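Structure file query-v8.cif with mmCIF, C-alpha atoms:
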```cif
data_model
#
loop_
_atom_site.label_atom_id
_atom_site.label_comp_id
_atom_site.auth_asym_id
_atom_site.auth_seq_id
_atom_site.Cartn_x
_atom_site.Cartn_y
_atom_site.Cartn_z
CA MET A 1 0.00 0.00 0.00
CA THR A 2 1.35 3.40 -0.93
CA ASP A 3 1.54 5.97 1.82
CA THR A 4 0.02 9.09 0.33
CA THR A 5 -0.07 11.05 3.57
CA TYR A 6 2.29 13.98 3.52
CA ASP A 7 4.44 14.60 6.56
CA ASN A 8 5.23 18.28 7.03
CA SER A 9 5.65 17.97 10.78
CA THR A 10 9.34 18.78 11.08
CA GLU A 11 10.39 19.62 7.55
CA LEU A 12 8.65 20.13 4.25
CA ASP A 13 7.64 16.73 2.92
CA PRO A 14 10.32 15.67 0.41
CA ARG A 15 7.68 14.95 -2.21
CA ILE A 16 6.55 18.57 -2.04
CA ALA A 17 10.09 19.92 -1.77
CA ALA A 18 11.04 18.00 -4.91
CA ARG A 19 8.37 19.85 -6.88
CA LEU A 20 9.62 23.34 -5.99
CA LYS A 21 11.69 25.28 -8.49
CA ARG A 22 13.40 27.82 -6.27
CA ASP A 23 15.20 30.97 -7.39
CA VAL A 24 18.87 31.58 -6.60
CA LYS A 25 17.87 32.65 -3.09
CA GLY A 26 15.88 29.45 -2.50
CA LEU A 27 12.51 31.17 -2.78
CA VAL A 28 9.27 30.77 -4.68
CA ALA A 29 6.72 33.53 -5.26
CA ALA A 30 3.48 33.33 -3.29
CA VAL A 31 0.41 35.11 -4.65
CA ILE A 32 -1.99 35.89 -1.82
CA GLN A 33 -5.67 35.93 -2.75
CA GLN A 34 -8.74 36.55 -0.58
CA TYR A 35 -10.51 33.20 -0.76
CA ASP A 36 -14.10 34.43 -1.14
CA THR A 37 -13.85 37.66 -3.14
CA HIS A 38 -10.82 36.40 -5.14
CA GLU A 39 -9.11 39.77 -4.76
CA VAL A 40 -5.35 39.52 -5.23
CA LEU A 41 -3.90 41.11 -2.11
CA MET A 42 -0.13 40.90 -2.38
CA VAL A 43 2.86 38.86 -3.50
CA GLY A 44 5.37 37.50 -1.00
CA TYR A 45 8.12 34.92 -1.05
CA MET A 46 8.56 31.60 0.72
CA ASN A 47 11.42 29.22 1.28
CA ASP A 48 10.77 25.58 2.18
CA GLU A 49 10.31 26.29 5.88
CA ALA A 50 7.98 29.25 5.33
CA LEU A 51 5.86 27.04 3.09
CA ARG A 52 5.90 24.25 5.69
CA ARG A 53 4.68 26.67 8.36
CA THR A 54 2.01 28.03 6.01
CA LEU A 55 0.75 24.52 5.26
CA THR A 56 0.68 23.36 8.86
CA THR A 57 -0.22 26.29 11.14
CA GLY A 58 -3.26 27.91 9.52
CA ARG A 59 -1.33 31.19 9.21
CA VAL A 60 0.69 32.56 6.29
CA THR A 61 4.42 32.82 6.92
CA PHE A 62 6.75 34.47 4.41
CA TRP A 63 10.49 34.77 4.16
CA SER A 64 11.22 38.48 4.34
CA ARG A 65 13.86 39.26 1.73
CA SER A 66 14.54 42.70 3.19
CA ARG A 67 14.82 41.60 6.82
CA GLN A 68 16.16 38.11 6.08
CA GLU A 69 13.85 36.48 8.60
CA TYR A 70 10.59 34.61 8.84
CA TRP A 71 7.60 36.90 8.78
CA ARG A 72 4.33 35.55 10.07
CA LYS A 73 1.86 37.97 8.57
CA GLY A 74 -0.10 39.87 11.21
CA ASP A 75 2.16 39.27 14.21
CA THR A 76 3.00 42.97 14.37
CA SER A 77 0.05 44.55 12.56
CA GLY A 78 -2.73 42.21 13.61
CA HIS A 79 -3.53 41.83 9.92
CA VAL A 80 -3.45 38.07 9.99
CA GLN A 81 -3.84 35.86 6.92
CA TYR A 82 -5.71 32.65 7.75
CA VAL A 83 -4.91 29.93 5.23
CA LYS A 84 -7.77 28.39 3.25
CA GLY A 85 -5.83 26.64 0.50
CA VAL A 86 -2.44 26.47 -1.21
CA SER A 87 -1.76 25.42 -4.80
CA LEU A 88 1.52 25.00 -6.64
CA ASP A 89 1.79 25.97 -10.28
CA CYS A 90 2.74 23.75 -13.19
CA ASP A 91 6.47 24.38 -13.03
CA GLY A 92 6.82 24.70 -9.27
CA ASP A 93 8.03 28.29 -8.99
CA ALA A 94 4.83 29.97 -7.82
CA LEU A 95 2.25 29.34 -5.12
CA LEU A 96 -1.33 30.54 -4.97
CA VAL A 97 -2.34 30.97 -1.34
CA GLU A 98 -6.02 31.53 -0.65
CA VAL A 99 -6.54 33.29 2.66
CA ASP A 100 -9.00 35.03 4.88
CA GLN A 101 -7.30 38.40 5.29
CA VAL A 102 -8.03 40.30 8.50
CA GLY A 103 -7.94 44.02 7.80
CA ALA A 104 -5.35 45.35 5.37
CA ALA A 105 -2.88 43.21 3.45
CA CYS A 106 -0.68 46.21 2.68
CA HIS A 107 1.60 47.79 5.27
CA THR A 108 0.22 51.18 4.18
CA GLY A 109 -3.24 50.27 5.42
CA LYS A 110 -4.72 49.59 1.99
CA ARG A 111 -6.65 46.36 1.62
CA SER A 112 -4.39 45.28 -1.27
CA CYS A 113 -0.81 46.22 -2.13
CA PHE A 114 -2.00 46.75 -5.71
CA LEU A 115 -4.50 49.38 -4.58
CA GLU A 116 -1.61 51.21 -2.95
CA GLY A 117 0.59 51.14 -6.05
CA GLY A 118 -2.38 51.79 -8.27
CA PRO A 119 -3.16 51.39 -11.96
CA LEU A 120 -0.73 52.11 -14.77
CA PRO A 121 -1.90 53.70 -18.03
CA VAL A 122 -2.93 50.93 -20.38
CA VAL A 123 -4.22 50.41 -23.88
CA GLU A 124 -6.94 47.80 -23.50
CA GLY A 125 -7.03 44.76 -25.75
CA HIS A 126 -10.17 43.06 -27.01
CA ARG A 127 -10.67 39.62 -28.46
CA PRO A 128 -11.95 39.58 -32.03
CA ALA A 129 -15.68 39.07 -32.50
CA GLU A 130 -15.27 35.45 -33.64
CA GLN A 131 -13.69 34.56 -30.29
CA GLN A 132 -16.51 36.05 -28.26
CA ASN A 133 -19.80 34.54 -27.12
CA GLY A 134 -18.35 31.57 -25.32
CA LEU A 135 -16.08 30.43 -28.10
CA SER A 136 -12.97 30.84 -25.96
CA MET B 137 0.78 73.02 -16.13
CA THR B 138 2.17 69.62 -15.27
CA ASP B 139 2.28 67.06 -18.04
CA THR B 140 0.71 63.97 -16.52
CA THR B 141 0.50 62.04 -19.78
CA TYR B 142 2.76 59.03 -19.79
CA ASP B 143 4.82 58.36 -22.88
CA ASN B 144 5.49 54.66 -23.37
CA SER B 145 5.83 54.96 -27.14
CA THR B 146 9.49 54.03 -27.51
CA GLU B 147 10.59 53.16 -24.00
CA LEU B 148 8.90 52.68 -20.67
CA ASP B 149 8.03 56.13 -19.31
CA PRO B 150 10.80 57.10 -16.86
CA ARG B 151 8.24 57.89 -14.17
CA ILE B 152 6.99 54.30 -14.33
CA ALA B 153 10.48 52.85 -14.68
CA ALA B 154 11.55 54.74 -11.56
CA ARG B 155 8.87 52.97 -9.53
CA LEU B 156 9.99 49.44 -10.45
CA LYS B 157 12.06 47.43 -7.99
CA ARG B 158 13.63 44.84 -10.25
CA ASP B 159 15.36 41.63 -9.18
CA VAL B 160 18.98 40.91 -10.05
CA LYS B 161 17.87 39.88 -13.53
CA GLY B 162 15.98 43.13 -14.07
CA LEU B 163 12.56 41.52 -13.72
CA VAL B 164 9.37 42.03 -11.75
CA ALA B 165 6.75 39.35 -11.12
CA ALA B 166 3.47 39.65 -13.02
CA VAL B 167 0.38 37.98 -11.60
CA ILE B 168 -2.11 37.28 -14.38
CA GLN B 169 -5.77 37.36 -13.36
CA GLN B 170 -8.89 36.84 -15.46
CA TYR B 171 -10.55 40.26 -15.25
CA ASP B 172 -14.17 39.14 -14.78
CA THR B 173 -13.98 35.90 -12.79
CA HIS B 174 -10.87 37.05 -10.85
CA GLU B 175 -9.28 33.63 -11.27
CA VAL B 176 -5.50 33.76 -10.89
CA LEU B 177 -4.18 32.12 -14.04
CA MET B 178 -0.39 32.21 -13.85
CA VAL B 179 2.69 34.15 -12.79
CA GLY B 180 5.18 35.43 -15.35
CA TYR B 181 8.02 37.93 -15.36
CA MET B 182 8.52 41.22 -17.14
CA ASN B 183 11.44 43.51 -17.77
CA ASP B 184 10.89 47.16 -18.65
CA GLU B 185 10.33 46.48 -22.34
CA ALA B 186 7.92 43.60 -21.73
CA LEU B 187 5.92 45.88 -19.44
CA ARG B 188 5.99 48.66 -22.04
CA ARG B 189 4.64 46.29 -24.69
CA THR B 190 1.99 45.01 -22.29
CA LEU B 191 0.85 48.56 -21.51
CA THR B 192 0.74 49.72 -25.11
CA THR B 193 -0.30 46.83 -27.36
CA GLY B 194 -3.36 45.30 -25.67
CA ARG B 195 -1.54 41.96 -25.41
CA VAL B 196 0.50 40.53 -22.54
CA THR B 197 4.22 40.15 -23.25
CA PHE B 198 6.54 38.43 -20.79
CA TRP B 199 10.28 38.00 -20.63
CA SER B 200 10.88 34.27 -20.81
CA ARG B 201 13.55 33.41 -18.27
CA SER B 202 14.09 29.95 -19.75
CA ARG B 203 14.32 31.03 -23.37
CA GLN B 204 15.78 34.49 -22.67
CA GLU B 205 13.48 36.19 -25.13
CA TYR B 206 10.27 38.17 -25.30
CA TRP B 207 7.22 35.98 -25.17
CA ARG B 208 3.95 37.44 -26.40
CA LYS B 209 1.45 35.09 -24.85
CA GLY B 210 -0.61 33.26 -27.43
CA ASP B 211 1.59 33.79 -30.49
CA THR B 212 2.30 30.06 -30.67
CA SER B 213 -0.65 28.57 -28.80
CA GLY B 214 -3.38 31.00 -29.77
CA HIS B 215 -4.09 31.40 -26.07
CA VAL B 216 -3.89 35.16 -26.14
CA GLN B 217 -4.15 37.37 -23.07
CA TYR B 218 -5.92 40.64 -23.86
CA VAL B 219 -4.98 43.34 -21.36
CA LYS B 220 -7.74 44.96 -19.32
CA GLY B 221 -5.69 46.65 -16.61
CA VAL B 222 -2.26 46.70 -14.98
CA SER B 223 -1.47 47.74 -11.40
CA LEU B 224 1.85 48.04 -9.63
CA ASP B 225 2.17 47.06 -5.99
CA CYS B 226 3.25 49.25 -3.10
CA ASP B 227 6.96 48.50 -3.36
CA GLY B 228 7.22 48.16 -7.12
CA ASP B 229 8.31 44.54 -7.41
CA ALA B 230 5.03 42.97 -8.52
CA LEU B 231 2.42 43.69 -11.16
CA LEU B 232 -1.21 42.60 -11.24
CA VAL B 233 -2.30 42.20 -14.85
CA GLU B 234 -6.02 41.77 -15.46
CA VAL B 235 -6.66 40.03 -18.75
CA ASP B 236 -9.23 38.36 -20.92
CA GLN B 237 -7.65 34.94 -21.37
CA VAL B 238 -8.49 33.07 -24.56
CA GLY B 239 -8.51 29.34 -23.85
CA ALA B 240 -5.92 27.94 -21.48
CA ALA B 241 -3.34 29.99 -19.62
CA CYS B 242 -1.22 26.92 -18.89
CA HIS B 243 0.95 25.27 -21.53
CA THR B 244 -0.52 21.93 -20.41
CA GLY B 245 -3.97 22.95 -21.57
CA LYS B 246 -5.35 23.68 -18.12
CA ARG B 247 -7.17 26.97 -17.70
CA SER B 248 -4.82 27.98 -14.87
CA CYS B 249 -1.25 26.92 -14.08
CA PHE B 250 -2.38 26.42 -10.48
CA LEU B 251 -4.98 23.88 -11.55
CA GLU B 252 -2.19 21.94 -13.24
CA GLY B 253 0.08 21.93 -10.18
CA GLY B 254 -2.87 21.39 -7.90
CA PRO B 255 -3.56 21.81 -4.20
CA LEU B 256 -1.09 21.02 -1.43
CA PRO B 257 -2.23 19.47 1.85
CA VAL B 258 -3.12 22.26 4.21
CA VAL B 259 -4.33 22.84 7.75
CA GLU B 260 -6.97 25.53 7.42
CA GLY B 261 -6.91 28.57 9.67
CA HIS B 262 -9.97 30.37 10.99
CA ARG B 263 -10.32 33.83 12.44
CA PRO B 264 -11.53 33.92 16.03
CA ALA B 265 -15.22 34.54 16.57
CA GLU B 266 -14.68 38.14 17.70
CA GLN B 267 -13.15 38.98 14.33
CA GLN B 268 -16.05 37.58 12.35
CA ASN B 269 -19.31 39.20 11.27
CA GLY B 270 -17.79 42.11 9.45
CA LEU B 271 -15.44 43.19 12.20
CA SER B 272 -12.38 42.68 10.02
#
```
Would you mind writing the file out in structure tokens?
Amino acid sequence: MTDTTYDNSTELDPRIAARLKRDVKGLVAAVIQQYDTHEVLMVGYMNDEALRRTLTTGRVTFWSRSRQEYWRKGDTSGHVQYVKGVSLDCDGDALLVEVDQVGAACHTGKRSCFLEGGPLPVVEGHRPAEQQNGLS
Amino acid sequence: MTDTTYDNSTELDPRIAARLKRDVKGLVAAVIQQYDTHEVLMVGYMNDEALRRTLTTGRVTFWSRSRQEYWRKGDTSGHVQYVKGVSLDCDGDALLVEVDQVGAACHTGKRSCFLEGGPLPVVEGHRPAEQQNGLS
């Protein structure tokens, strides 16, 4: 019988670790999305241990590239991210973390870091008529 | 009178370029989200010129780290991403690109790269009762 239970109790399960494609600093990008509204709140970075903590503790933990330390979101601000789901992408270098965000995701007090930075000027694109009406 | 019109015609407007915090390879992460369903489809990377093309042509262009070339999404696959909006985050190292995705975002044929990689085992977190009922 194959044991399909993952063991992240002390280190990231080797079967998960083997799927990660880390950058030169050992990190993967983590997109944080509010689980019910689907708003994209921020992007952070995780090493193996930050991912292990995120998978096992119910709280999002990042690796802070600027401070070079683990950063459990909300410990200082109270703006906790409760984990609802984590998915890895096809090539293992990005995570999608669905959370319940308490308060503001951005350190500036904005709900989303992308609301703080704001929109850039864009020329919109539109699919041709023959690709519309459900023919995508 | 201050000229607030951005000029991305030949190079990325210097006022936008000045806000980017690029990694050692000159790239920023770009989260691609379907504009109407808010599904997160994939994460790619852009240098200044890829961002300029994305802002000005109506089509998403990445910098392919593996092939070391510009990659206008859909040119080979037909799975075009039409640009609806682009936002920069608070510290300038991530972009949120809202698109109308034709067909599959993932090269495997899945709608989203995170559907291809799939969910990791997670212990869900829950906000305490006193933070529920709109008190976030």
task: Mind giving me the straight-line distance from CA of Arg59 in chain A to CA of His262 in chain B in Å, one decimal?
output: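 CA of His262 in chain B lies 8.9 Å from CA of Arg59 in chain A.
The coordinates place CA of Val80 in chain A at 21.9 Å from CA of Val167 in chain B.
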For chain A against chain B, which residues fall within 6 Å using all atoms listed in the file, given as a PDB file with C-alpha atoms, in the coordinates of the input?
```pdb
ATOM      1  CA  HIS A  38     -10.820  36.400  -5.140  1.00  0.00           C
ATOM      2  CA  LEU A  55       0.750  24.520   5.260  1.00  0.00           C
ATOM      3  CA  THR A  56       0.680  23.360   8.860  1.00  0.00           C
ATOM      4  CA  GLY A  58      -3.260  27.910   9.520  1.00  0.00           C
ATOM      5  CA  TYR A  82      -5.710  32.650   7.750  1.00  0.00           C
ATOM      6  CA  VAL A  83      -4.910  29.930   5.230  1.00  0.00           C
ATOM      7  CA  LYS A  84      -7.770  28.390   3.250  1.00  0.00           C
ATOM      8  CA  VAL A  86      -2.440  26.470  -1.210  1.00  0.00           C
ATOM      9  CA  SER A  87      -1.760  25.420  -4.800  1.00  0.00           C
ATOM     10  CA  LEU A  88       1.520  25.000  -6.640  1.00  0.00           C
ATOM     11  CA  ASP A  89       1.790  25.970 -10.280  1.00  0.00           C
ATOM     12  CA  CYS A  90       2.740  23.750 -13.190  1.00  0.00           C
ATOM     13  CA  VAL A 102      -8.030  40.300   8.500  1.00  0.00           C
ATOM     14  CA  GLY A 103      -7.940  44.020   7.800  1.00  0.00           C
ATOM     15  CA  CYS A 113      -0.810  46.220  -2.130  1.00  0.00           C
ATOM     16  CA  PHE A 114      -2.000  46.750  -5.710  1.00  0.00           C
ATOM     17  CA  GLU A 116      -1.610  51.210  -2.950  1.00  0.00           C
ATOM     18  CA  GLY A 117       0.590  51.140  -6.050  1.00  0.00           C
ATOM     19  CA  GLY A 118      -2.380  51.790  -8.270  1.00  0.00           C
ATOM     20  CA  PRO A 119      -3.160  51.390 -11.960  1.00  0.00           C
ATOM     21  CA  LEU A 120      -0.730  52.110 -14.770  1.00  0.00           C
ATOM     22  CA  VAL A 122      -2.930  50.930 -20.380  1.00  0.00           C
ATOM     23  CA  VAL A 123      -4.220  50.410 -23.880  1.00  0.00           C
ATOM     24  CA  GLU A 124      -6.940  47.800 -23.500  1.00  0.00           C
ATOM     25  CA  GLY A 125      -7.030  44.760 -25.750  1.00  0.00           C
ATOM     26  CA  HIS A 126     -10.170  43.060 -27.010  1.00  0.00           C
ATOM     27  CA  SER A 136     -12.970  30.840 -25.960  1.00  0.00           C
TER      28      SER A 136
END
```
query: Hey, can you check how far CA of Asp211 in chain B sits from CA of Ala129 in chain A?
result: 18.2 Å
Emit as lines of an AutoDock Vina configuration file the padded axis-aligned box for all listed atoms of range 50-56 of chain A, 4 Å per side, with centre and edge lengths in Å to one decimal.
```
center_x = 4.3
center_y = 26.3
center_z = 6.0
size_x = 15.3
size_y = 13.9
size_z = 13.8
```
- prompt: Expanded to explicit residues, what is the PyMOL selection byres ((chain B and resi 201) around 12) for this file, as an MDAnalysis selection string?
  reply: (chainID A and resid 23 93) or (chainID B and resid 161:165 180:183 198:200 202:207)
